[in-house]
Structure formats: structure tokens, C-alpha cells
Amino acid sequence: MVLLRTCSMSRSGLADKKPSGGDTIDVAIEYGPLSLYRYDDTLGGFAFDMLRHIEREEGLKFKFHPVMTLNEALEGIDNGYYRIVVTAMPVSANLKSRYSTTLPVFLDRQVLVQKRSENDSVFVRSQLDLAGKQVYVMSGSPVAERLHNLSSEIGDTIYVLEDPVYGNEQLFILAATGEIPRAVVTERTAKAMSSDYPDVDISTAVSFTQFQRWLLGVNDSVLRQRLDTIIANQKEKPFYKSLEKRYFN
């Protein structure tokens, strides 16, 4: 199932674990509808389109390395293989203490993905219903921290299972097809995919709306400052508005 949706771009940059060097900026980008995706024979995605536009307007040169998991991306940035990490995820205080972060690129929140039963009832209807339930998340994701905090808030155990292999898109599919009981992914990812899975429910939010940012190495301040300036300017331009309309509406 997952192989059918695997990106066909070369992953040699991950295999040899060497940065491109020169003026090329290596970008670890999550394979999913908000970051990098294949639509028919064309590559797209909110982050991919925005970065390609930045390349054209600002004269930067990016090399994209598709990744499935956050851990894979963070390992690469820790070892100097990547300079930017782009994934559909919130940035927690823990991540901010370990990495440099850009200005917010867009807003999103986390939602529960679960398959409806035959009579169209939803087993988990509120955060309180998560007591005693298993919930899958991407390994290393700040969502796990949020669910542990939620467990304390409701006064009961939520069994958080961090999957080391699959990312947001794959966890959505597994939950939507009933192969796992439920998962938490970003709402925009869930909305982008839910039309293909009429039996899925994504109505239960598990977080407030959060800023979505890109990550860089903690000492990469020059590139971060340049990206901050670019992001702030781009968000006021028609192209950014067109991306919002295409991917978020």
C-alpha cells in the first residue's frame, strides 16, 4: 500500500549522506500533500511550490530530499546533511530548544483520524473518549508530547504509539482503512486526503491551531534570517495567496 504512494524521486542524497556543497541548499521535505506530492505526472505540494517560487524570485538553489519521517529528517540536519527540514507538524518547545525555526509559514492543528463504523457512528467523539485508547503518531513528532499532556488533562491513560516508519500520509491511510485503530495527523493533511476515503472521520481536534514552521540547524542563523525576510514578504504577495487557495480551500 505504502509503496504505491512512495515518491519516485531519487533518494541517493540520503544514501550517501553527503551535503551537496557550494550554493546548493539541501532540503529534507516530507512526502505528503502539504509538502511534496505527485499529482498525476507533476510534483506539487504547498511547501514544494513555495520553495520553487523562492528559488526563482530570490536566486536560491534547493535540492529536495523526500523523507517519510521526522526522525529521518532531524538525523540529517544533526549530521549536516540537510540545512532545512520541511514537514507538516507543529514546532514544540523541545524542538525550538534544539533547532532554529523560521517565521510561521501557515497555521494548522492536529486531528484524530478514525474509520466510521457500519452505522456511521464514531467511536471517539471527543478528547475525553481517548481514555484507554491507542493512538498512532509519527515517531519524534511533537504530537506525542501533546497527547501525553492531554492524557494528564483528562486524568486517564492514552496509549501513544510512535511509528518509526510511516509519516502523516501513511498513518492517515492506515487509520482510514482500519489497519490501525486511529492516528493523529495535521488537519490540512487529513482534509486533503479525506475525499478519497468516504468512511473516515476527522472531526475530533486534539490541539489548538498552531504555527507551522521550517527547521534549520541551531547555528544556521544567516540562512534563517534570510528565509524569515523572504517568508514575511511572500505572505503579502499574490503567489502565496494563490497557494492558500489551491491547497487550503
# chains A, B, ... in the order shown; residues from 1 in each chain; ligands from 1

$ select_by_dssp --residues "range 108-148 of chain A" --states "helix (DSSP H, G or I)" --output "PyMOL selection string"
chain A and resi 127-130+142-148

$ write_last_selection --atoms "N, CA, C and O atoms" --output "compact mmCIF listing (two decimals), in the first residue's frame"
# COMPACT_ATOMS: atom_id res chain seq x y z
N GLN A 127 -12.17 14.44 23.00
CA GLN A 127 -10.87 14.13 23.59
C GLN A 127 -11.01 13.22 24.81
O GLN A 127 -10.16 12.37 25.06
N LEU A 128 -12.10 13.36 25.55
CA LEU A 128 -12.33 12.52 26.74
C LEU A 128 -12.45 11.05 26.35
O LEU A 128 -12.08 10.16 27.12
N ASP A 129 -13.00 10.79 25.17
CA ASP A 129 -13.18 9.40 24.71
C ASP A 129 -11.86 8.71 24.38
O ASP A 129 -11.84 7.50 24.14
N LEU A 130 -10.75 9.45 24.37
CA LEU A 130 -9.45 8.85 24.08
C LEU A 130 -8.90 8.07 25.28
O LEU A 130 -7.91 7.35 25.13
N PRO A 142 6.09 16.19 17.70
CA PRO A 142 5.60 16.87 18.90
C PRO A 142 4.18 16.48 19.27
O PRO A 142 3.74 16.75 20.38
N VAL A 143 3.46 15.84 18.35
CA VAL A 143 2.10 15.39 18.64
C VAL A 143 2.09 14.40 19.79
O VAL A 143 1.15 14.37 20.60
N ALA A 144 3.13 13.58 19.90
CA ALA A 144 3.20 12.62 21.01
C ALA A 144 3.22 13.35 22.34
O ALA A 144 2.53 12.96 23.29
N GLU A 145 3.98 14.43 22.40
CA GLU A 145 4.03 15.24 23.62
C GLU A 145 2.66 15.83 23.94
O GLU A 145 2.24 15.83 25.10
N ARG A 146 1.97 16.29 22.91
CA ARG A 146 0.63 16.85 23.11
C ARG A 146 -0.31 15.80 23.67
O ARG A 146 -1.10 16.06 24.59
N LEU A 147 -0.27 14.58 23.14
CA LEU A 147 -1.16 13.52 23.61
C LEU A 147 -0.84 13.10 25.04
O LEU A 147 -1.75 12.79 25.82
N HIS A 148 0.42 13.08 25.41
CA HIS A 148 0.78 12.77 26.79
C HIS A 148 0.25 13.85 27.74
O HIS A 148 -0.23 13.55 28.83

$ residues_around --residues "range 191-206 of chain A" --least-positions-apart "5" --cutoff "6 Å" --atoms "only C-alpha atoms" --output "list in words"
Gln110, Val111, Leu112, Val113, Gln114, Lys115, Arg116 and Ala176 of chain A

$ write_last_selection --atoms "N, CA and C atoms" --output "PDB file, in the first residue's frame"
ATOM      1  N   GLN A 110      -3.948  19.658  14.923  1.00  0.00           N
ATOM      2  CA  GLN A 110      -3.912  18.199  14.874  1.00  0.00           C
ATOM      3  C   GLN A 110      -5.329  17.632  15.042  1.00  0.00           C
ATOM      4  N   VAL A 111      -5.660  16.621  14.241  1.00  0.00           N
ATOM      5  CA  VAL A 111      -6.972  15.985  14.347  1.00  0.00           C
ATOM      6  C   VAL A 111      -6.822  14.474  14.411  1.00  0.00           C
ATOM      7  N   LEU A 112      -7.835  13.849  14.978  1.00  0.00           N
ATOM      8  CA  LEU A 112      -7.880  12.395  15.071  1.00  0.00           C
ATOM      9  C   LEU A 112      -8.445  11.818  13.769  1.00  0.00           C
ATOM     10  N   VAL A 113      -7.805  10.786  13.264  1.00  0.00           N
ATOM     11  CA  VAL A 113      -8.274  10.078  12.068  1.00  0.00           C
ATOM     12  C   VAL A 113      -8.758   8.707  12.495  1.00  0.00           C
ATOM     13  N   GLN A 114      -9.997   8.376  12.163  1.00  0.00           N
ATOM     14  CA  GLN A 114     -10.553   7.072  12.521  1.00  0.00           C
ATOM     15  C   GLN A 114     -11.586   6.656  11.481  1.00  0.00           C
ATOM     16  N   LYS A 115     -11.777   5.380  11.350  1.00  0.00           N
ATOM     17  CA  LYS A 115     -12.744   4.860  10.391  1.00  0.00           C
ATOM     18  C   LYS A 115     -14.114   4.774  11.041  1.00  0.00           C
ATOM     19  N   ARG A 116     -15.142   5.215  10.309  1.00  0.00           N
ATOM     20  CA  ARG A 116     -16.505   5.117  10.815  1.00  0.00           C
ATOM     21  C   ARG A 116     -16.957   3.664  10.822  1.00  0.00           C
ATOM     22  N   ALA A 176      -7.584   5.213   8.129  1.00  0.00           N
ATOM     23  CA  ALA A 176      -8.781   5.318   7.289  1.00  0.00           C
ATOM     24  C   ALA A 176      -9.243   3.959   6.784  1.00  0.00           C
TER      25      ALA A 176
END

$ residues_around --residues "Ala183 in chain A" --least-positions-apart "3" --cutoff "8 Å" --atoms "only C-alpha atoms" --output "list of chain:residue names"
A:Leu112, A:Val113, A:Gln114, A:Val135, A:Tyr136, A:Val137, A:Leu171, A:Phe172, A:Ala175, A:Ile180

$ write_last_selection --atoms "C-alpha atoms" --output "PDB file, in the first residue's frame"
ATOM      1  CA  LEU A 112      -7.880  12.395  15.071  1.00  0.00           C
ATOM      2  CA  VAL A 113      -8.274  10.078  12.068  1.00  0.00           C
ATOM      3  CA  GLN A 114     -10.553   7.072  12.521  1.00  0.00           C
ATOM      4  CA  VAL A 135      -3.362   6.407  19.100  1.00  0.00           C
ATOM      5  CA  TYR A 136      -0.632   6.245  16.453  1.00  0.00           C
ATOM      6  CA  VAL A 137       1.609   9.204  15.648  1.00  0.00           C
ATOM      7  CA  LEU A 171      -0.729   6.894   9.089  1.00  0.00           C
ATOM      8  CA  PHE A 172      -3.846   8.545   7.667  1.00  0.00           C
ATOM      9  CA  ALA A 175      -6.336   4.585  10.118  1.00  0.00           C
ATOM     10  CA  ILE A 180      -4.739   0.717  12.884  1.00  0.00           C
TER      11      ILE A 180
END

$ residues_around --residues "Ala88 in chain A" --least-positions-apart "6" --cutoff "12 Å" --atoms "only C-alpha atoms" --output "VMD selection string"
chain A and resid 28 to 36 45 to 48 67 to 70 105 to 110 138 141 to 143 167 to 169 184 to 190 210 to 215

$ closest_residue --among "A:Pro90, A:Gly178, A:Gly140, A:Gly76" --to "Pro19 in chain A" --atoms "only C-alpha atoms"
A:Gly76

$ select_by_dssp --residues "range 123-243 of chain A" --states "strand (DSSP E)" --output "MDAnalysis selection string"
chainID A and resid 134:138 159:163 183:186 200:201 210:212 215:217

$ atom_distance --atom1 "CA of Ser139 in chain A" --atom2 "CA of Ile154 in chain A"
23.0 Å

$ residues_around --residues "range 218-220 of chain A" --least-positions-apart "2" --cutoff "6 Å" --atoms "only C-alpha atoms" --output "PyMOL selection string"
chain A and resi 99-100+222-223

$ write_last_selection --atoms "C-alpha atoms" --output "PDB file, in the first residue's frame"
ATOM      1  CA  TYR A  99      16.821  23.787  16.274  1.00  0.00           C
ATOM      2  CA  SER A 100      16.413  27.205  14.739  1.00  0.00           C
ATOM      3  CA  VAL A 222      22.238  33.668   8.445  1.00  0.00           C
ATOM      4  CA  LEU A 223      20.032  31.384   6.339  1.00  0.00           C
TER       5      LEU A 223
END

$ atom_distance --atom1 "CA of Tyr159 in chain A" --atom2 "CA of Gln134 in chain A"
4.6 Å

$ residues_around --residues "Thr229 in chain A" --least-positions-apart "6" --cutoff "12 Å" --atoms "only C-alpha atoms" --output "list of chain:residue names"
A:Ile54, A:Glu58, A:Thr102, A:Leu103, A:Pro104, A:Val105, A:Val222, A:Leu223, A:Lys235, A:Glu236

$ write_last_selection --atoms "all heavy atoms" --output "mmCIF file, in the first residue's frame"
data_model
loop_
_atom_site.group_PDB
_atom_site.id
_atom_site.type_symbol
_atom_site.label_atom_id
_atom_site.label_comp_id
_atom_site.auth_asym_id
_atom_site.auth_seq_id
_atom_site.Cartn_x
_atom_site.Cartn_y
_atom_site.Cartn_z
ATOM 1 N N ILE A 54 10.411 30.566 -4.459
ATOM 2 C CA ILE A 54 11.502 31.308 -3.812
ATOM 3 C C ILE A 54 12.796 31.158 -4.596
ATOM 4 O O ILE A 54 13.567 32.121 -4.747
ATOM 5 C CB ILE A 54 11.673 30.819 -2.351
ATOM 6 C CG1 ILE A 54 10.482 31.276 -1.504
ATOM 7 C CG2 ILE A 54 12.988 31.328 -1.760
ATOM 8 C CD1 ILE A 54 10.466 30.678 -0.107
ATOM 9 N N GLU A 58 14.331 34.603 -5.636
ATOM 10 C CA GLU A 58 15.420 35.020 -4.762
ATOM 11 C C GLU A 58 16.793 34.510 -5.201
ATOM 12 O O GLU A 58 17.805 34.842 -4.588
ATOM 13 C CB GLU A 58 15.149 34.538 -3.332
ATOM 14 C CG GLU A 58 13.830 35.012 -2.760
ATOM 15 C CD GLU A 58 13.801 36.517 -2.536
ATOM 16 O OE1 GLU A 58 14.885 37.123 -2.375
ATOM 17 O OE2 GLU A 58 12.689 37.089 -2.520
ATOM 18 N N THR A 102 12.002 29.069 11.484
ATOM 19 C CA THR A 102 11.636 30.246 10.707
ATOM 20 C C THR A 102 10.372 30.895 11.278
ATOM 21 O O THR A 102 9.740 30.369 12.192
ATOM 22 C CB THR A 102 11.352 29.865 9.243
ATOM 23 O OG1 THR A 102 10.188 29.022 9.202
ATOM 24 C CG2 THR A 102 12.536 29.149 8.625
ATOM 25 N N LEU A 103 10.012 32.009 10.686
ATOM 26 C CA LEU A 103 8.700 32.583 10.950
ATOM 27 C C LEU A 103 7.621 31.575 10.544
ATOM 28 O O LEU A 103 7.866 30.700 9.719
ATOM 29 C CB LEU A 103 8.512 33.868 10.146
ATOM 30 C CG LEU A 103 9.322 35.101 10.560
ATOM 31 C CD1 LEU A 103 9.097 36.222 9.549
ATOM 32 C CD2 LEU A 103 8.950 35.548 11.958
ATOM 33 N N PRO A 104 6.422 31.677 11.120
ATOM 34 C CA PRO A 104 5.350 30.763 10.691
ATOM 35 C C PRO A 104 5.084 30.851 9.197
ATOM 36 O O PRO A 104 5.038 31.943 8.627
ATOM 37 C CB PRO A 104 4.138 31.258 11.502
ATOM 38 C CG PRO A 104 4.727 31.971 12.677
ATOM 39 C CD PRO A 104 5.997 32.591 12.187
ATOM 40 N N VAL A 105 4.934 29.684 8.580
ATOM 41 C CA VAL A 105 4.637 29.633 7.152
ATOM 42 C C VAL A 105 3.127 29.540 6.924
ATOM 43 O O VAL A 105 2.595 30.130 5.992
ATOM 44 C CB VAL A 105 5.356 28.436 6.490
ATOM 45 C CG1 VAL A 105 5.099 28.403 4.996
ATOM 46 C CG2 VAL A 105 6.857 28.498 6.769
ATOM 47 N N VAL A 222 22.247 32.826 9.640
ATOM 48 C CA VAL A 222 22.238 33.668 8.445
ATOM 49 C C VAL A 222 21.144 33.215 7.476
ATOM 50 O O VAL A 222 20.353 34.036 6.974
ATOM 51 C CB VAL A 222 23.615 33.646 7.754
ATOM 52 C CG1 VAL A 222 23.549 34.409 6.425
ATOM 53 C CG2 VAL A 222 24.672 34.262 8.658
ATOM 54 N N LEU A 223 21.073 31.906 7.227
ATOM 55 C CA LEU A 223 20.032 31.384 6.339
ATOM 56 C C LEU A 223 18.655 31.580 6.955
ATOM 57 O O LEU A 223 17.703 31.933 6.246
ATOM 58 C CB LEU A 223 20.270 29.907 6.052
ATOM 59 C CG LEU A 223 19.239 29.216 5.145
ATOM 60 C CD1 LEU A 223 19.129 29.906 3.795
ATOM 61 C CD2 LEU A 223 19.575 27.740 4.967
ATOM 62 N N LYS A 235 4.313 36.201 2.020
ATOM 63 C CA LYS A 235 2.955 36.078 2.554
ATOM 64 C C LYS A 235 2.080 37.277 2.205
ATOM 65 O O LYS A 235 0.863 37.221 2.356
ATOM 66 C CB LYS A 235 3.011 35.862 4.077
ATOM 67 C CG LYS A 235 3.556 34.485 4.448
ATOM 68 C CD LYS A 235 3.744 34.307 5.942
ATOM 69 C CE LYS A 235 2.445 34.111 6.647
ATOM 70 N NZ LYS A 235 2.651 33.744 8.082
ATOM 71 N N GLU A 236 2.705 38.353 1.746
ATOM 72 C CA GLU A 236 1.949 39.537 1.335
ATOM 73 C C GLU A 236 1.728 39.591 -0.174
ATOM 74 O O GLU A 236 1.104 40.518 -0.669
ATOM 75 C CB GLU A 236 2.697 40.805 1.774
ATOM 76 C CG GLU A 236 2.903 40.918 3.273
ATOM 77 C CD GLU A 236 1.591 40.934 4.035
ATOM 78 O OE1 GLU A 236 0.636 41.582 3.542
ATOM 79 O OE2 GLU A 236 1.512 40.304 5.106
#

$ atom_distance --atom1 "CA of Pro238 in chain A" --atom2 "CA of Val27 in chain A"
24.4 Å
